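Source file protein_4.pdb; content: PDB, C-alpha atoms.
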ATOM      1  CA  MET A 267     141.960  66.096 275.784
ATOM      2  CA  LYS A 268     141.773  68.887 273.233
ATOM      3  CA  MET A 269     144.403  67.171 271.038
ATOM      4  CA  ARG A 270     142.447  63.911 270.900
ATOM      5  CA  PHE A 271     139.265  65.714 269.966
ATOM      6  CA  LEU A 272     141.022  67.583 267.137
ATOM      7  CA  ILE A 273     142.413  64.354 265.662
ATOM      8  CA  PHE A 274     138.974  62.726 265.837
ATOM      9  CA  VAL A 275     137.346  65.666 264.035
ATOM     10  CA  LEU A 276     139.984  65.610 261.268
ATOM     11  CA  CYS A 277     139.542  61.879 260.731
ATOM     12  CA  MET A 278     135.767  62.251 260.447
ATOM     13  CA  PHE A 279     136.068  64.477 257.376
ATOM     14  CA  VAL A 280     138.656  62.471 255.413
ATOM     15  CA  THR A 281     136.683  60.328 252.989
ATOM     16  CA  SER A 282     139.441  59.356 250.572
ATOM     17  CA  VAL A 283     143.129  59.725 249.949
ATOM     18  CA  THR A 284     144.588  60.019 246.459
ATOM     19  CA  VAL A 285     148.157  58.939 245.848
ATOM     20  CA  VAL A 286     149.660  60.628 242.802
ATOM     21  CA  LEU A 287     152.506  58.700 241.254
ATOM     22  CA  GLY A 288     155.245  60.174 239.084
ATOM     23  CA  GLN A 289     155.533  59.759 235.353
ATOM     24  CA  PRO A 290     155.891  56.197 234.109
ATOM     25  CA  THR A 291     159.411  55.495 232.878
ATOM     26  CA  LEU A 292     161.168  52.724 230.964
ATOM     27  CA  SER A 293     164.892  52.136 231.294
ATOM     28  CA  ALA A 294     167.055  50.315 228.752
ATOM     29  CA  THR A 295     167.700  47.528 231.270
ATOM     30  CA  ASP A 296     163.942  46.885 231.445
ATOM     31  CA  ILE A 297     163.676  45.942 227.761
ATOM     32  CA  VAL A 298     164.063  42.201 227.151
ATOM     33  CA  VAL A 299     164.145  40.678 223.664
ATOM     34  CA  ASP A 300     163.277  37.013 223.171
ATOM     35  CA  ASN A 301     164.266  35.937 219.676
ATOM     36  CA  SER A 302     164.200  32.240 220.600
ATOM     37  CA  VAL A 303     160.437  32.230 219.949
ATOM     38  CA  GLN A 304     158.589  32.887 216.714
ATOM     39  CA  PRO A 305     157.277  35.463 216.369
ATOM     40  CA  ASN A 306     159.906  37.331 218.405
ATOM     41  CA  THR A 307     158.797  39.179 221.533
ATOM     42  CA  VAL A 308     159.962  42.227 223.441
ATOM     43  CA  THR A 309     159.000  42.597 227.107
ATOM     44  CA  LEU A 310     158.898  46.106 228.546
ATOM     45  CA  THR A 311     158.857  46.608 232.315
ATOM     46  CA  PHE A 312     157.710  50.123 233.156
ATOM     47  CA  SER A 313     158.297  51.816 236.495
ATOM     48  CA  GLU A 314     154.587  51.511 237.273
ATOM     49  CA  GLU A 315     151.384  50.050 235.882
ATOM     50  CA  LEU A 316     149.940  51.650 232.749
ATOM     51  CA  GLN A 317     146.288  52.166 231.822
ATOM     52  CA  THR A 318     145.341  48.993 229.942
ATOM     53  CA  ALA A 319     143.436  50.602 227.041
ATOM     54  CA  GLU A 320     146.459  52.498 225.678
ATOM     55  CA  ALA A 321     149.099  50.006 226.856
ATOM     56  CA  GLU A 322     147.547  47.310 224.669
ATOM     57  CA  LYS A 323     147.573  49.335 221.431
ATOM     58  CA  PHE A 324     150.595  48.132 219.473
ATOM     59  CA  TRP A 325     150.852  51.403 217.560
ATOM     60  CA  ASN A 326     151.803  53.139 220.823
ATOM     61  CA  TYR A 327     155.303  51.626 220.526
ATOM     62  CA  VAL A 328     158.141  51.916 218.021
ATOM     63  CA  ILE A 329     161.035  49.452 218.012
ATOM     64  CA  LYS A 330     163.928  50.666 215.902
ATOM     65  CA  TYR A 331     167.123  48.932 214.866
ATOM     66  CA  THR A 332     169.818  51.471 215.671
ATOM     67  CA  GLY A 333     172.251  49.882 213.213
ATOM     68  CA  GLY A 334     169.843  50.319 210.313
ATOM     69  CA  THR A 335     167.117  52.520 208.981
ATOM     70  CA  PHE A 336     163.971  50.558 209.749
ATOM     71  CA  ASN A 337     161.402  49.990 212.470
ATOM     72  CA  TYR A 338     160.326  46.500 213.470
ATOM     73  CA  SER A 339     156.791  45.438 212.634
ATOM     74  CA  ILE A 340     154.799  45.046 215.862
ATOM     75  CA  ALA A 341     151.679  42.857 215.645
ATOM     76  CA  SER A 342     150.355  43.117 219.212
ATOM     77  CA  ALA A 343     150.813  44.577 222.686
ATOM     78  CA  VAL A 344     149.443  42.849 225.797
ATOM     79  CA  LYS A 345     149.831  43.637 229.483
ATOM     80  CA  ASP A 346     151.237  40.800 231.558
ATOM     81  CA  GLY A 347     148.552  39.030 233.565
ATOM     82  CA  THR A 348     150.755  38.708 236.649
ATOM     83  CA  ASP A 349     153.069  41.730 236.660
ATOM     84  CA  LYS A 350     150.912  44.689 235.617
ATOM     85  CA  LYS A 351     154.026  46.837 234.998
ATOM     86  CA  LYS A 352     154.980  44.626 232.036
ATOM     87  CA  VAL A 353     153.832  44.922 228.435
ATOM     88  CA  LEU A 354     154.620  42.131 225.958
ATOM     89  CA  LEU A 355     155.131  43.268 222.369
ATOM     90  CA  THR A 356     154.947  40.582 219.696
ATOM     91  CA  LEU A 357     156.428  41.186 216.259
ATOM     92  CA  SER A 358     154.699  40.172 213.050
ATOM     93  CA  GLY A 359     155.239  36.582 211.941
ATOM     94  CA  VAL A 360     158.839  35.842 210.983
ATOM     95  CA  ASN A 361     159.546  36.305 207.290
ATOM     96  CA  PRO A 362     163.244  35.676 206.469
ATOM     97  CA  SER A 363     163.106  38.097 203.534
ATOM     98  CA  ASN A 364     161.705  40.899 205.713
ATOM     99  CA  PRO A 365     164.106  42.054 208.475
ATOM    100  CA  THR A 366     161.358  44.039 210.226
ATOM    101  CA  THR A 367     159.758  40.767 211.391
ATOM    102  CA  PHE A 368     162.619  39.346 213.464
ATOM    103  CA  ILE A 369     165.387  40.606 215.747
ATOM    104  CA  THR A 370     168.811  39.065 215.282
ATOM    105  CA  ASN A 371     171.455  38.712 217.989
ATOM    106  CA  LEU A 372     173.577  41.128 215.951
ATOM    107  CA  ALA A 373     170.783  43.694 216.162
ATOM    108  CA  ILE A 374     170.474  43.154 219.914
ATOM    109  CA  ASP A 375     174.244  43.630 220.327
ATOM    110  CA  ALA A 376     174.212  46.730 218.100
ATOM    111  CA  GLY A 377     171.267  48.074 220.052
ATOM    112  CA  ILE A 378     167.593  48.569 219.468
ATOM    113  CA  THR A 379     165.544  51.444 220.755
ATOM    114  CA  VAL A 380     161.999  51.236 222.022
ATOM    115  CA  THR A 381     159.979  54.431 221.997
ATOM    116  CA  PRO A 382     156.659  54.318 223.847
ATOM    117  CA  SER A 383     154.036  56.896 222.934
ATOM    118  CA  GLY A 384     153.087  59.844 225.108
ATOM    119  CA  ALA A 385     149.517  58.456 224.903
ATOM    120  CA  LEU A 386     150.518  55.881 227.553
ATOM    121  CA  THR A 387     149.512  56.909 231.061
ATOM    122  CA  ASN A 388     149.755  55.461 234.547
ATOM    123  CA  LEU A 389     146.663  54.684 236.627
ATOM    124  CA  SER A 390     146.533  58.315 237.797
ATOM    125  CA  GLY A 391     146.450  59.588 234.204
ATOM    126  CA  VAL A 392     150.030  60.912 234.191
ATOM    127  CA  ALA A 393     151.547  60.507 230.716
ATOM    128  CA  TYR A 394     154.723  58.602 229.871
ATOM    129  CA  SER A 395     157.617  60.876 229.087
ATOM    130  CA  GLY A 396     160.731  59.238 227.675
TER     131      GLY A 396
END

This entry written out as structure tokens:
Amino acid sequence: MKMRFLIFVLCMFVTSVTVVLGQPTLSATDIVVDNSVQPNTVTLTFSEELQTAEAEKFWNYVIKYTGGTFNYSIASAVKDGTDKKKVLLTLSGVNPSNPTTFITNLAIDAGITVTPSGALTNLSGVAYSG
């Protein structure tokens, strides 16, 4: 009887439970380039959902061509409407004379790096740390 009473008393005083998640991460295998569309897109799938306000600021991401010395020109960042862990980056409109506006298959094979900003946080406010 005493055990049941103790459990009841403890349950009466619990009003909420907070689950703290770890830091959001992004692995190389979770970066998908689609250069079959114009403008080209890059889909990032993070380990957990990010706060929308910062996730949708395109300047919070850098896409770099590892075989060259330039960063790609990102025009927008939008969270996926279905999978909240995904962010779709869209490059600036394709300009054949400007290699920062499109990603070639050669560049994909050589490797690109995506660097998210530390300003990105998960829903608990824990910052991304690459």

Edge lengths and centre in Å, axis-aligned, segment 317-332 of chain A plus 8 Å each side, as JSON:
{"center_x": 156.6, "center_y": 50.2, "center_z": 223.3, "size_x": 42.4, "size_y": 21.8, "size_z": 33.0}

Original post:
Out of A:Leu310, A:Ala385, A:Leu355, A:Ala373, which residue has the shortest atom-to-atom distance to Leu292 of chain A when counting all atoms listed in the file?
Top reply: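 Among the listed residues, A:Leu310 lies closest to Leu292 of chain A.
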
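The nearest approach to Trp325 of chain A among the residues A:Val353, A:Ile369, A:Val308, A:Ile340, with only C-alpha atoms taken into account, belongs to A:Ile340.
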
Subject >> Contacts of Ser395 of chain A at 9 Å (all atoms listed in the file; same-chain gap of 3+ positions) as a VMD selection string >> reply: chain A and resid 289 to 291 382 to 384 386

Original post:
What does the PyMOL selection byres ((chain A and resi 293) around 10) select in this file, as a VMD selection string?
Top reply: chain A and resid 291 to 292 294 to 297 310 to 313 380 396

**OP:** Select, from A:Ser342, A:Asn364, A:Ser390, A:Asn306, the residue with the minimum atom-to-atom distance to Phe324 of chain A, counting only C-alpha atoms.
**Re:**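 That would be A:Ser342, the residue with the smallest distance to Phe324 of chain A.
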
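The residue that comes closest to Thr348 of chain A, out of A:Glu315, A:Tyr331, A:Gln304, A:Thr367 and on the basis of only C-alpha atoms, is A:Glu315.
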
Original post:
Hey, which of A:Glu314, A:Val392, A:Thr332, A:Ser339 ends up closest to Val360 of chain A? Count only C-alpha atoms.
Top reply: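 Of A:Glu314, A:Val392, A:Thr332, A:Ser339, the one nearest Val360 of chain A, counting only C-alpha atoms, is A:Ser339.
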
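Atom CA of Lys351 of chain A is found 6.7 Å from atom CA of Leu316 of chain A.
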
What residues come out when you apply the PyMOL selection byres ((chain A and resi 345) around 8) to this file, written as a PDB file with C-alpha atoms, in the frame of the given file?
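After the write, selection27.pdb holds the following:
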ATOM      1  CA  THR A 318     145.341  48.993 229.942  1.00  0.00           C
ATOM      2  CA  ALA A 321     149.099  50.006 226.856  1.00  0.00           C
ATOM      3  CA  GLU A 322     147.547  47.310 224.669  1.00  0.00           C
ATOM      4  CA  ALA A 343     150.813  44.577 222.686  1.00  0.00           C
ATOM      5  CA  VAL A 344     149.443  42.849 225.797  1.00  0.00           C
ATOM      6  CA  ASP A 346     151.237  40.800 231.558  1.00  0.00           C
ATOM      7  CA  GLY A 347     148.552  39.030 233.565  1.00  0.00           C
ATOM      8  CA  LYS A 350     150.912  44.689 235.617  1.00  0.00           C
ATOM      9  CA  LYS A 351     154.026  46.837 234.998  1.00  0.00           C
ATOM     10  CA  LYS A 352     154.980  44.626 232.036  1.00  0.00           C
ATOM     11  CA  VAL A 353     153.832  44.922 228.435  1.00  0.00           C
ATOM     12  CA  LEU A 354     154.620  42.131 225.958  1.00  0.00           C
TER      13      LEU A 354
END

Original post:
What does the distance between atom CA of Gln317 of chain A and atom CA of Ala341 of chain A come to in Å, to one decimal place?
Top reply: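 Atom CA of Gln317 of chain A sits 19.4 Å away from atom CA of Ala341 of chain A.
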
Subject >> Pick from A:Ala393, A:Val298, A:Ile378, A:Ala319 nearest to Phe336 of chain A, counting all atoms listed in the file >> reply: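 Of all the options, A:Ile378 lies closest to Phe336 of chain A.
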
**OP:** For atom CA of Thr370 of chain A and atom CA of Asp349 of chain A, quote the distance in Å rounded to one decimal.
**Re:** 26.7 Å
